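As provided, model_6.txt (compact mmCIF, C-alpha atoms) reads as follows.
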# COMPACT_ATOMS: atom_id res chain seq x y z
CA MET A 1 -117.53 -112.36 -68.03
CA ASP A 2 -121.20 -113.04 -67.30
CA LYS A 3 -122.45 -110.72 -64.54
CA VAL A 4 -124.21 -113.54 -62.69
CA LEU A 5 -121.02 -115.61 -62.71
CA ILE A 6 -119.14 -112.65 -61.22
CA LYS A 7 -121.69 -112.43 -58.40
CA GLN A 8 -121.45 -116.16 -57.78
CA LEU A 9 -117.65 -115.90 -57.61
CA LEU A 10 -117.95 -113.06 -55.10
CA PHE A 11 -120.44 -115.02 -53.05
CA HIS A 12 -118.59 -118.32 -52.93
CA GLY A 13 -115.06 -116.96 -53.21
CA SER A 14 -115.58 -114.92 -50.06
CA TRP A 15 -115.05 -118.12 -48.03
CA LEU A 16 -111.32 -117.64 -48.74
CA VAL A 17 -111.32 -115.09 -45.93
CA PHE A 18 -111.08 -117.95 -43.40
CA PRO A 19 -107.78 -119.43 -44.69
CA ALA A 20 -106.55 -115.83 -44.94
CA ILE A 21 -107.32 -115.30 -41.24
CA ALA A 22 -105.58 -118.57 -40.37
CA TRP A 23 -102.49 -117.50 -42.34
CA LEU A 24 -102.40 -114.08 -40.62
CA VAL A 25 -102.67 -115.70 -37.18
CA TRP A 26 -99.81 -118.06 -38.09
CA ARG A 27 -97.65 -115.11 -39.21
CA TRP A 28 -98.48 -113.30 -35.96
CA ARG A 29 -96.56 -115.98 -34.11
CA GLY A 30 -93.39 -114.88 -35.89
CA GLY A 31 -93.48 -111.56 -34.04
CA ARG A 32 -92.68 -109.32 -37.05
CA HIS A 33 -94.82 -106.51 -38.48
CA ARG A 34 -97.52 -107.17 -35.93
CA TRP A 35 -99.12 -103.76 -36.45
CA LEU A 36 -99.71 -104.58 -40.11
CA LEU A 37 -101.01 -108.03 -39.28
CA ALA A 38 -103.35 -106.49 -36.69
CA VAL A 39 -104.79 -104.11 -39.31
CA LEU A 40 -105.27 -106.97 -41.79
CA LEU A 41 -106.90 -109.16 -39.14
CA LEU A 42 -109.26 -106.33 -38.21
CA GLY A 43 -110.20 -105.90 -41.86
CA CYS A 44 -110.81 -109.62 -42.24
CA GLY A 45 -112.95 -109.58 -39.09
CA VAL A 46 -115.14 -106.74 -40.36
CA PHE A 47 -115.51 -108.48 -43.72
CA THR A 48 -116.47 -111.76 -42.02
CA TRP A 49 -119.14 -109.98 -39.99
CA ALA A 50 -120.51 -108.10 -43.02
CA ARG A 51 -120.53 -111.17 -45.25
CA PHE A 52 -121.45 -114.12 -43.05
CA ILE A 53 -123.14 -112.79 -39.91
CA GLU A 54 -125.04 -109.53 -40.36
CA PRO A 55 -126.87 -110.55 -43.59
CA GLN A 56 -128.32 -113.54 -41.70
CA ILE A 57 -129.60 -111.48 -38.77
CA ILE A 58 -133.32 -110.71 -38.98
CA ARG A 59 -134.07 -107.72 -36.82
CA VAL A 60 -137.56 -106.56 -35.83
CA ASP A 61 -138.10 -102.82 -35.33
CA THR A 62 -141.44 -101.60 -33.98
CA THR A 63 -142.58 -98.06 -34.77
CA THR A 64 -145.80 -96.37 -33.67
CA LEU A 65 -147.26 -93.94 -36.20
CA THR A 66 -150.11 -91.77 -34.90
CA GLY A 67 -152.48 -89.52 -36.75
CA THR A 68 -153.02 -91.95 -39.64
CA GLY A 69 -156.75 -92.38 -39.16
CA ILE A 70 -156.09 -96.14 -39.17
CA ASN A 71 -155.91 -98.65 -36.33
CA THR A 72 -153.89 -101.67 -37.41
CA ARG A 73 -150.57 -103.48 -37.05
CA ILE A 74 -148.52 -104.08 -40.21
CA ALA A 75 -145.31 -105.97 -40.95
CA LEU A 76 -143.38 -104.19 -43.71
CA VAL A 77 -140.59 -105.97 -45.60
CA SER A 78 -138.91 -105.24 -48.89
CA ASP A 79 -136.00 -106.18 -51.14
CA ILE A 80 -135.97 -109.86 -50.28
CA HIS A 81 -133.84 -110.45 -53.40
CA MET A 82 -134.27 -114.18 -53.64
CA GLY A 83 -131.77 -115.66 -56.06
CA VAL A 84 -128.01 -115.45 -56.20
CA TYR A 85 -127.50 -114.38 -52.55
CA LYS A 86 -130.69 -115.36 -50.67
CA ASP A 87 -132.30 -118.80 -50.73
CA ARG A 88 -135.47 -120.48 -49.58
CA ARG A 89 -134.06 -121.19 -46.10
CA PHE A 90 -133.72 -117.48 -45.43
CA LEU A 91 -137.30 -116.88 -46.61
CA GLU A 92 -138.55 -119.61 -44.26
CA ARG A 93 -136.86 -117.85 -41.34
CA LEU A 94 -138.26 -114.50 -42.45
CA VAL A 95 -141.81 -115.85 -42.61
CA GLY A 96 -141.41 -117.40 -39.16
CA ARG A 97 -140.31 -114.07 -37.67
CA ILE A 98 -143.20 -112.22 -39.34
CA ASN A 99 -145.73 -114.75 -38.01
CA ALA A 100 -144.36 -114.28 -34.51
CA GLN A 101 -145.28 -110.57 -34.60
CA GLN A 102 -149.04 -111.25 -34.75
CA VAL A 103 -149.74 -108.53 -37.31
CA ASP A 104 -152.99 -107.80 -39.13
CA ALA A 105 -151.36 -107.56 -42.55
CA VAL A 106 -148.02 -107.94 -44.33
CA ALA A 107 -146.80 -105.39 -46.89
CA ILE A 108 -144.05 -106.52 -49.30
CA ALA A 109 -142.64 -103.50 -51.09
CA GLY A 110 -141.00 -105.00 -54.16
CA ASP A 111 -137.69 -106.42 -55.39
CA LEU A 112 -138.52 -109.97 -54.44
CA THR A 113 -135.82 -111.36 -56.76
CA TYR A 114 -132.17 -110.95 -57.70
CA GLU A 115 -130.95 -113.08 -60.60
CA PRO A 116 -133.01 -116.21 -59.85
CA GLN A 117 -131.55 -117.73 -63.04
CA GLY A 118 -134.24 -120.08 -64.22
CA ARG A 119 -135.13 -121.43 -60.77
CA SER A 120 -138.74 -122.36 -60.18
CA LEU A 121 -140.25 -119.18 -58.77
CA GLN A 122 -143.17 -121.12 -57.37
CA ALA A 123 -140.80 -123.36 -55.40
CA LEU A 124 -138.54 -120.46 -54.38
CA PHE A 125 -141.41 -118.46 -52.87
CA ALA A 126 -143.35 -121.40 -51.41
CA PRO A 127 -142.63 -120.32 -47.78
CA LEU A 128 -144.83 -117.25 -48.33
CA ALA A 129 -147.85 -119.56 -48.28
CA ASP A 130 -147.23 -119.98 -44.53
CA LEU A 131 -147.85 -116.31 -43.73
CA ARG A 132 -150.74 -116.11 -41.26
CA ALA A 133 -151.80 -112.56 -42.15
CA PRO A 134 -153.02 -111.29 -45.53
CA ALA A 135 -150.09 -110.15 -47.68
CA TYR A 136 -150.18 -107.24 -50.13
CA VAL A 137 -147.37 -107.03 -52.68
CA VAL A 138 -145.95 -104.74 -55.35
CA LEU A 139 -143.01 -105.57 -57.61
CA GLY A 140 -139.73 -103.69 -57.92
CA ASN A 141 -137.13 -102.79 -60.50
CA HIS A 142 -135.28 -106.10 -60.18
CA ASP A 143 -138.56 -107.86 -60.98
CA GLN A 144 -139.47 -105.67 -63.95
CA GLN A 145 -136.41 -105.45 -66.21
CA GLN A 146 -134.59 -102.55 -64.53
CA PRO A 147 -131.88 -103.93 -64.62
CA GLY A 148 -133.72 -107.16 -65.37
CA PRO A 149 -134.41 -109.73 -66.58
CA ASP A 150 -138.15 -109.08 -66.76
CA ILE A 151 -139.85 -111.89 -64.83
CA ASP A 152 -143.00 -109.90 -64.13
CA LYS A 153 -145.57 -112.41 -65.38
CA PRO A 154 -144.11 -115.64 -63.95
CA LEU A 155 -143.43 -113.92 -60.63
CA ARG A 156 -147.02 -112.67 -60.37
CA ALA A 157 -148.25 -116.19 -61.11
CA ALA A 158 -145.97 -117.70 -58.45
CA LEU A 159 -147.06 -115.15 -55.84
CA ALA A 160 -150.74 -115.67 -56.63
CA ALA A 161 -150.28 -119.43 -56.26
CA HIS A 162 -149.17 -118.85 -52.66
CA GLY A 163 -152.01 -116.49 -51.75
CA MET A 164 -150.19 -113.18 -52.21
CA GLN A 165 -152.24 -110.23 -53.51
CA VAL A 166 -150.31 -108.14 -56.03
CA ILE A 167 -152.09 -104.78 -55.82
CA GLU A 168 -150.36 -102.51 -58.36
CA GLY A 169 -152.91 -100.10 -59.80
CA ARG A 170 -155.59 -101.52 -57.54
CA LEU A 171 -157.54 -100.29 -54.54
CA LEU A 172 -159.10 -102.79 -52.14
CA THR A 173 -160.28 -103.11 -48.56
CA GLY A 174 -158.61 -105.50 -46.14
CA ALA A 175 -158.84 -106.46 -42.48
CA ASN A 176 -160.02 -103.84 -39.96
CA GLY A 177 -161.50 -101.86 -42.86
CA VAL A 178 -158.05 -100.68 -43.99
CA HIS A 179 -157.90 -99.54 -47.61
CA TRP A 180 -154.86 -100.76 -49.55
CA ALA A 181 -153.41 -99.57 -52.85
CA GLY A 182 -150.22 -100.22 -54.78
CA LEU A 183 -147.97 -98.60 -57.38
CA GLY A 184 -145.71 -100.43 -59.83
CA ASP A 185 -142.01 -99.71 -60.15
CA ARG A 186 -140.84 -96.20 -61.00
CA TRP A 187 -137.87 -97.25 -63.14
CA ALA A 188 -140.22 -99.40 -65.23
CA ASN A 189 -142.66 -96.45 -65.61
CA ARG A 190 -145.46 -98.33 -63.86
CA ASP A 191 -146.10 -96.02 -60.91
CA ASP A 192 -148.90 -93.81 -62.24
CA ALA A 193 -150.94 -92.79 -59.19
CA ARG A 194 -153.87 -91.17 -60.99
CA PHE A 195 -156.09 -94.21 -60.39
CA LEU A 196 -156.21 -93.18 -56.72
CA ARG A 197 -158.22 -90.09 -57.68
CA GLN A 198 -160.68 -91.78 -60.00
CA GLY A 199 -164.26 -92.54 -58.99
CA ALA A 200 -166.63 -90.53 -56.86
CA THR A 201 -167.05 -93.05 -54.04
CA PRO A 202 -165.53 -91.68 -50.82
CA ARG A 203 -163.24 -93.96 -48.88
CA GLY A 204 -161.38 -93.94 -45.60
CA PRO A 205 -157.63 -93.50 -45.09
CA THR A 206 -155.49 -95.59 -47.44
CA VAL A 207 -152.13 -97.34 -47.04
CA LEU A 208 -150.21 -97.15 -50.32
CA ILE A 209 -147.38 -99.59 -51.10
CA THR A 210 -144.71 -98.72 -53.65
CA HIS A 211 -141.21 -100.01 -54.23
CA ASN A 212 -139.34 -96.78 -54.91
CA PRO A 213 -140.03 -94.06 -52.32
CA ASP A 214 -139.50 -91.41 -55.01
CA SER A 215 -142.87 -92.51 -56.41
CA ALA A 216 -144.53 -91.02 -53.32
CA LEU A 217 -143.87 -87.47 -54.46
CA GLN A 218 -146.53 -87.73 -57.18
CA VAL A 219 -149.12 -88.75 -54.56
CA CYS A 220 -151.48 -86.11 -53.19
CA ALA A 221 -151.95 -85.85 -49.44
CA GLY A 222 -155.54 -87.03 -49.73
CA ASP A 223 -154.57 -90.09 -51.78
CA ALA A 224 -152.93 -91.97 -48.92
CA ALA A 225 -152.51 -91.58 -45.18
CA LEU A 226 -149.17 -93.37 -45.41
CA VAL A 227 -146.86 -94.59 -48.18
CA LEU A 228 -144.78 -97.72 -47.53
CA ALA A 229 -141.63 -98.24 -49.59
CA GLY A 230 -138.30 -100.02 -49.86
CA HIS A 231 -135.60 -99.86 -52.57
CA THR A 232 -132.94 -97.88 -50.68
CA HIS A 233 -131.60 -100.77 -48.53
CA GLY A 234 -130.73 -97.99 -46.07
CA GLY A 235 -127.44 -97.87 -47.95
CA GLN A 236 -126.83 -101.63 -47.33
CA ILE A 237 -123.22 -101.00 -46.24
CA ARG A 238 -123.95 -98.11 -43.93
CA ILE A 239 -120.62 -96.39 -43.50
CA PRO A 240 -121.40 -92.87 -42.22
CA TRP A 241 -121.61 -90.21 -44.95
CA LEU A 242 -120.41 -92.58 -47.68
CA TYR A 243 -123.60 -94.67 -47.70
CA ARG A 244 -125.62 -91.66 -48.88
CA LYS A 245 -123.64 -91.68 -52.12
CA VAL A 246 -125.05 -95.07 -53.12
CA ILE A 247 -128.71 -94.77 -52.05
CA PRO A 248 -130.77 -94.92 -55.27
CA SER A 249 -133.13 -92.05 -54.47
CA ALA A 250 -133.35 -88.78 -56.36
CA HIS A 251 -135.13 -87.04 -53.48
CA GLY A 252 -133.14 -87.89 -50.37
CA PHE A 253 -135.07 -90.89 -49.07
CA ASP A 254 -133.13 -93.07 -46.65
CA ARG A 255 -134.94 -95.29 -44.14
CA GLY A 256 -137.64 -94.84 -41.52
CA GLU A 257 -140.36 -92.18 -41.51
CA GLN A 258 -139.97 -89.02 -43.58
CA VAL A 259 -142.48 -86.31 -44.48
CA MET A 260 -141.62 -84.98 -47.94
CA GLN A 261 -143.12 -82.21 -50.04
CA GLY A 262 -144.87 -83.71 -53.06
CA VAL A 263 -146.63 -82.07 -55.97
CA CYS A 264 -149.88 -81.92 -53.97
CA GLY A 265 -148.60 -81.13 -50.49
CA PRO A 266 -146.76 -83.07 -47.80
CA VAL A 267 -146.62 -86.87 -48.09
CA ARG A 268 -145.88 -89.20 -45.19
CA VAL A 269 -143.53 -92.03 -46.21
CA PHE A 270 -142.02 -94.95 -44.30
CA THR A 271 -139.07 -96.62 -46.04
CA THR A 272 -137.81 -99.98 -44.83
CA ARG A 273 -134.16 -100.94 -45.16
CA GLY A 274 -135.02 -104.33 -46.69
CA VAL A 275 -133.76 -107.80 -45.93
CA GLY A 276 -131.65 -108.77 -48.94
CA GLU A 277 -128.50 -107.68 -50.75
CA ILE A 278 -127.51 -106.67 -54.27
CA GLY A 279 -124.10 -105.95 -55.81
CA LEU A 280 -121.92 -107.20 -52.98
CA PRO A 281 -123.26 -109.93 -50.64
CA LEU A 282 -122.60 -107.66 -47.65
CA ARG A 283 -124.45 -105.70 -45.00
CA LEU A 284 -122.77 -103.51 -42.39
CA PHE A 285 -124.36 -101.52 -39.52
CA ASN A 286 -127.66 -102.20 -41.28
CA PRO A 287 -129.07 -105.70 -40.68
CA PRO A 288 -132.07 -107.16 -42.53
CA THR A 289 -135.13 -105.71 -40.84
CA ILE A 290 -138.84 -106.39 -40.49
CA ASP A 291 -140.53 -103.07 -39.66
CA VAL A 292 -143.61 -103.61 -37.53
CA LEU A 293 -145.77 -100.50 -37.81
CA GLU A 294 -148.40 -99.75 -35.18
CA LEU A 295 -150.79 -97.40 -36.97
CA LYS A 296 -152.98 -95.34 -34.66
CA PRO A 297 -155.84 -92.95 -35.49

Transcribe the structure of this file into structure tokens.
Amino acid sequence: MDKVLIKQLLFHGSWLVFPAIAWLVWRWRGGRHRWLLAVLLLGCGVFTWARFIEPQIIRVDTTTLTGTGINTRIALVSDIHMGVYKDRRFLERLVGRINAQQVDAVAIAGDLTYEPQGRSLQALFAPLADLRAPAYVVLGNHDQQQPGPDIDKPLRAALAAHGMQVIEGRLLTGANGVHWAGLGDRWANRDDARFLRQGATPRGPTVLITHNPDSALQVCAGDAALVLAGHTHGGQIRIPWLYRKVIPSAHGFDRGEQVMQGVCGPVRVFTTRGVGEIGLPLRLFNPPTIDVLELKP
């Protein structure tokens, strides 16, 4: 069976939980096996929350990071996964929440799509044009054929049409004199960071955006004051201990700030839990989150 069809069946078939709850409540009235019915009702309740409620919550977490040499306020989002599970209405809400934070810049750390299936990417991402702050973007594995399909070129064109700056392999200066750089996706072998060390012109502290936090370990301490990443979803379904088994990181990245030992010394990384879903259309104990980062010198 086609994998996209399976995901669509999971997404739409999950509405059957409501007649299942109604049937369990009706059986409860009979007075038999109530302990079993209670367990089944609890399970249905958790599933309903994880499928229909938590994925639609947009949480804002504010974190102050000192010692960066930078004075700015950034909104970091990742893993929007527009397509089979997320639609344009969700993106409109996300943009509205970002605008309400009054940030100096927006960093989008890859995986903008998830099986968009021939939809107009320009129409799908049109709400991004309403962002009030400059937006810097890198793509992720779901945008670059890992697992695919590869929609790299049309996605870049759609993002550019709405004023987004895709900065993979580039170094530029934005608002407040902040230097920005980006790496492509690690699984697509597009995350070579050597360009950061080319050229003799000195520059100030740099914010580096990458999709996969594992890419940060090839970055030298002097290359970037801070690396912003996504990819992990924070486990998506964050059941204690078990969620660590599904996080796609080879080096123990999870969510939030971590200082990891790279090939050229310690690297400071902030990984956001993302706002979308893959695999199952569920989130649990881990709502979609906009991370607002207050960077201080």

I want to know what sits within 8 Å of Tyr85 in chain A, based on only C-alpha atoms, with residues of the same chain fewer than 3 positions away left out; could you give that as a PDB file with C-alpha atoms, keeping the file's coordinate frame?
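Contents of part-v2.pdb, as written:
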ATOM      1  CA  PHE A  11    -120.440-115.020 -53.050  1.00  0.00           C
ATOM      2  CA  HIS A  81    -133.840-110.450 -53.400  1.00  0.00           C
ATOM      3  CA  MET A  82    -134.270-114.180 -53.640  1.00  0.00           C
ATOM      4  CA  TYR A 114    -132.170-110.950 -57.700  1.00  0.00           C
ATOM      5  CA  GLY A 276    -131.650-108.770 -48.940  1.00  0.00           C
ATOM      6  CA  GLU A 277    -128.500-107.680 -50.750  1.00  0.00           C
ATOM      7  CA  ILE A 278    -127.510-106.670 -54.270  1.00  0.00           C
ATOM      8  CA  PRO A 281    -123.260-109.930 -50.640  1.00  0.00           C
TER       9      PRO A 281
END

**OP:** Can you pull out every residue within 10 Å of range 260-271 of chain A, counting only C-alpha atoms, but drop anything in the same chain fewer than 6 positions away, and send it as a PyMOL selection string?
**Re:** chain A and resi 65+68+76-78+109+208-234+251-254+291+293

Original post:
Can you tell me, as a list in words, what residues are no more than 10 Å from Gly163 in chain A when counting only C-alpha atoms, ignoring any on the same chain fewer than 4 positions away?
Top reply: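 Contacts, with the query itself left out: Ala126, Leu128, Ala129, Asp130, Leu131, Pro134, Ala135, Tyr136, Ala158 and Leu159 of chain A.
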
Original post:
Quick one: distance from CA of Val4 in chain A to CA of Asp87 in chain A in Å, one decimal?
Top reply: 15.4 Å

Subject >> All residues 12 Å or closer to Gln198 in chain A, all atoms listed in the file, same chain fewer than 5 positions away omitted, as a list in words >> reply: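 Non-adjacent residues within range: Gly169, Arg170, Leu171, Ala193, Arg203 and Asp223 of chain A.
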
Next, write the just-selected residues to a file, as a PDB file, in the coordinates of the input, keeping C-alpha atoms as the atom set.
ATOM      1  CA  GLY A 169    -152.910-100.100 -59.800  1.00  0.00           C
ATOM      2  CA  ARG A 170    -155.590-101.520 -57.540  1.00  0.00           C
ATOM      3  CA  LEU A 171    -157.540-100.290 -54.540  1.00  0.00           C
ATOM      4  CA  ALA A 193    -150.940 -92.790 -59.190  1.00  0.00           C
ATOM      5  CA  ARG A 203    -163.240 -93.960 -48.880  1.00  0.00           C
ATOM      6  CA  ASP A 223    -154.570 -90.090 -51.780  1.00  0.00           C
TER       7      ASP A 223
END

Subject >> Between CA of Gln146 in chain A and CA of Gly184 in chain A - distance in Å to one decimal >> reply: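 We find that CA of Gly184 in chain A and CA of Gln146 in chain A lie 12.3 Å from each other.
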
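For the residues A:Ala38, A:Leu183, A:Ala133, A:Ile70, ranking by smallest atom-to-atom distance to Leu196 in chain A using all atoms listed in the file places A:Leu183 first.
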
**OP:** Find the residues near Cys44 in chain A: any atom within 10 Å, counting all atoms listed in the file, skip ones fewer than 6 places away on the same chain, and give them as a VMD selection string.
**Re:** chain A and resid 17 to 18 20 to 21 24 38 50

**OP:** For each of A:Pro288, A:Gly96, A:Pro127, A:Gly140, take the minimum atom-to-atom distance to Trp187 in chain A, counting only C-alpha atoms, then give the residue where this is smallest.
**Re:** A:Gly140

Could you give me the axis-aligned bounding box of range 262-266 of chain A, with 3 Å of padding per side, as centre plus edge lengths in Å to one decimal, as AutoDock Vina command-line options?
--center_x -147.4 --center_y -82.4 --center_z -51.9 --size_x 11.0 --size_y 8.6 --size_z 14.2

Original post:
With all atoms listed in the file as the atoms that count, which of A:Asp191, A:Asp104, A:Asp111, A:Asp143 lies nearest to Asn176 in chain A?
Top reply: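 So, comparing all the options, the nearest one is A:Asp104.
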